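Enquirer: Dumping the structure here so I can ask a few things about it.
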Amino acid sequence: MTFPSETSPNGSGDGHEPAGETSASPDRPAWYKHRSLVVAVVVAVILGVTIVSDLPQHTSRSQQIQEEATVVGEIQTYAAECIAAVKEAFGFYSDQQAGSLTASDRAAVPALLDEDQAACSFTSEYVYDLANIEVPGSAAGRDLGDVVAVVTLWVTSDALQAIDAITALMNAPRSSGQLRALAAAERLLASDRAKAGGDIAAADRALGGASLPSLGLPSLPVPQAS
């Protein structure tokens, strides 16, 4: 687990919003909790980028594959900080449940979780760059536009909601509302990860089997069906 001596200086409408209580931190803008707003912004951004980029192109298949692989590499790069943040947050929560956090660990966790929240919000330059990736106008461009949109949603909505619930649960481990919120976020992290993987597979097929690289979205805990 990463604590201050180890950490780097770089320290979330359609029925998807988690029910129950929300974190009371006053320093975070309220808009990030509203998944419908995030969806609308992401779709608008990606649609605009796709339209601008979707011009007739006369490139070879190898060039197209290289362009698409470059886009996937950019997605990996810009999502990496949030991926590390949400994995760290789940690690803190797992340690808390196991009773393995020391007193000094517990004192350090709130500040680290604040950094994790920032890493998955539009206040992060990486997240902003992720949402503004341009996709080429090749056969796979539309599919990659969908990938950018879904990964941005995974970062700015799903991961951020999970971290927010974990932050609250560090102080109130038995909060039923926050436990429901975390479970809802976990399901979204899994479903949007699967959706992004399906869009990568569709882009692969559009290029005739390009074997595009994996996005690197982690498999995180998923609550058992009740």
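Residues are named by chain letter and number: chains run A, B, ... in the order of the structure tokens, numbers start at 1 in each chain, and ligands are numbered from 1 in the order shown.
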Might you pull out every residue within 9 Å of stretch 146-151 of chain A, with only C-alpha atoms counted and same-chain residues fewer than 5 positions away left off, and present them as a PyMOL selection string?

Expert: chain A and resi 39+42-43+45-46+71-72+75+79+130-133+135+141+156+192-193+195-200+215+217

Enquirer: Got a sec to tell me which of stretch 33-224 of chain A DSSP assigns to alpha helix (DSSP H), as a PyMOL selection string?

Expert: chain A and resi 35-53+61-98+103-119+125-131+141-153+160-171+176-206

Enquirer: Could you check which of A:Ser94, A:Gln64, A:Thr59, A:Ser157 is closest to A:Gly209, using only C-alpha atoms?

Expert: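 Counting only C-alpha atoms, the residue closest to A:Gly209 is A:Gln64.
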
Enquirer: Give me, please, the distance in Å between atom CA of A:Ala168 and atom CA of A:Pro221, quoted to one decimal.

Expert: 17.7 Å

Enquirer: Leaving out A:Ile163 and any residue of its chain fewer than 5 positions from it, which residues lie within 7 Å of it when counting only C-alpha atoms, given as a list in words?

Expert: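 The neighbour list is Val86, Ala89 and Gln117 of chain A.
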
Enquirer: Take the residues that were just selected and, keeping N, CA and C atoms, output them as a PDB file, in the first residue's frame.

Expert:
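Output file out_13.pdb follows:
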```
ATOM      1  N   VAL A  86      -7.546   4.679  -8.415  1.00  0.00           N
ATOM      2  CA  VAL A  86      -8.684   3.864  -7.980  1.00  0.00           C
ATOM      3  C   VAL A  86      -8.198   2.534  -7.408  1.00  0.00           C
ATOM      4  N   ALA A  89      -7.174   3.360  -3.878  1.00  0.00           N
ATOM      5  CA  ALA A  89      -8.334   3.557  -3.011  1.00  0.00           C
ATOM      6  C   ALA A  89      -8.939   2.217  -2.599  1.00  0.00           C
ATOM      7  N   GLN A 117      -8.971  11.258  -5.729  1.00  0.00           N
ATOM      8  CA  GLN A 117     -10.158  11.881  -6.321  1.00  0.00           C
ATOM      9  C   GLN A 117      -9.761  12.898  -7.394  1.00  0.00           C
TER      10      GLN A 117
END
```

Enquirer: Nearest to A:Ala181 among A:Thr167, A:Thr123, A:Gln161, A:Ser60, with distances taken over only C-alpha atoms: which residue is it?

Expert: A:Gln161

Enquirer: Grab the atom CA of A:Ile166 to atom CA of A:Arg106 distance for me, in Å with one decimal place.

Expert: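 Computed distance, atom CA of A:Ile166 to atom CA of A:Arg106, equals 13.1 Å.
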
Enquirer: Can you measure atom CA of A:Ala162 to atom CA of A:Ala84 for me? One decimal in Å is fine.

Expert: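 Value for the atom CA of A:Ala162-atom CA of A:Ala84 distance: 13.3 Å.
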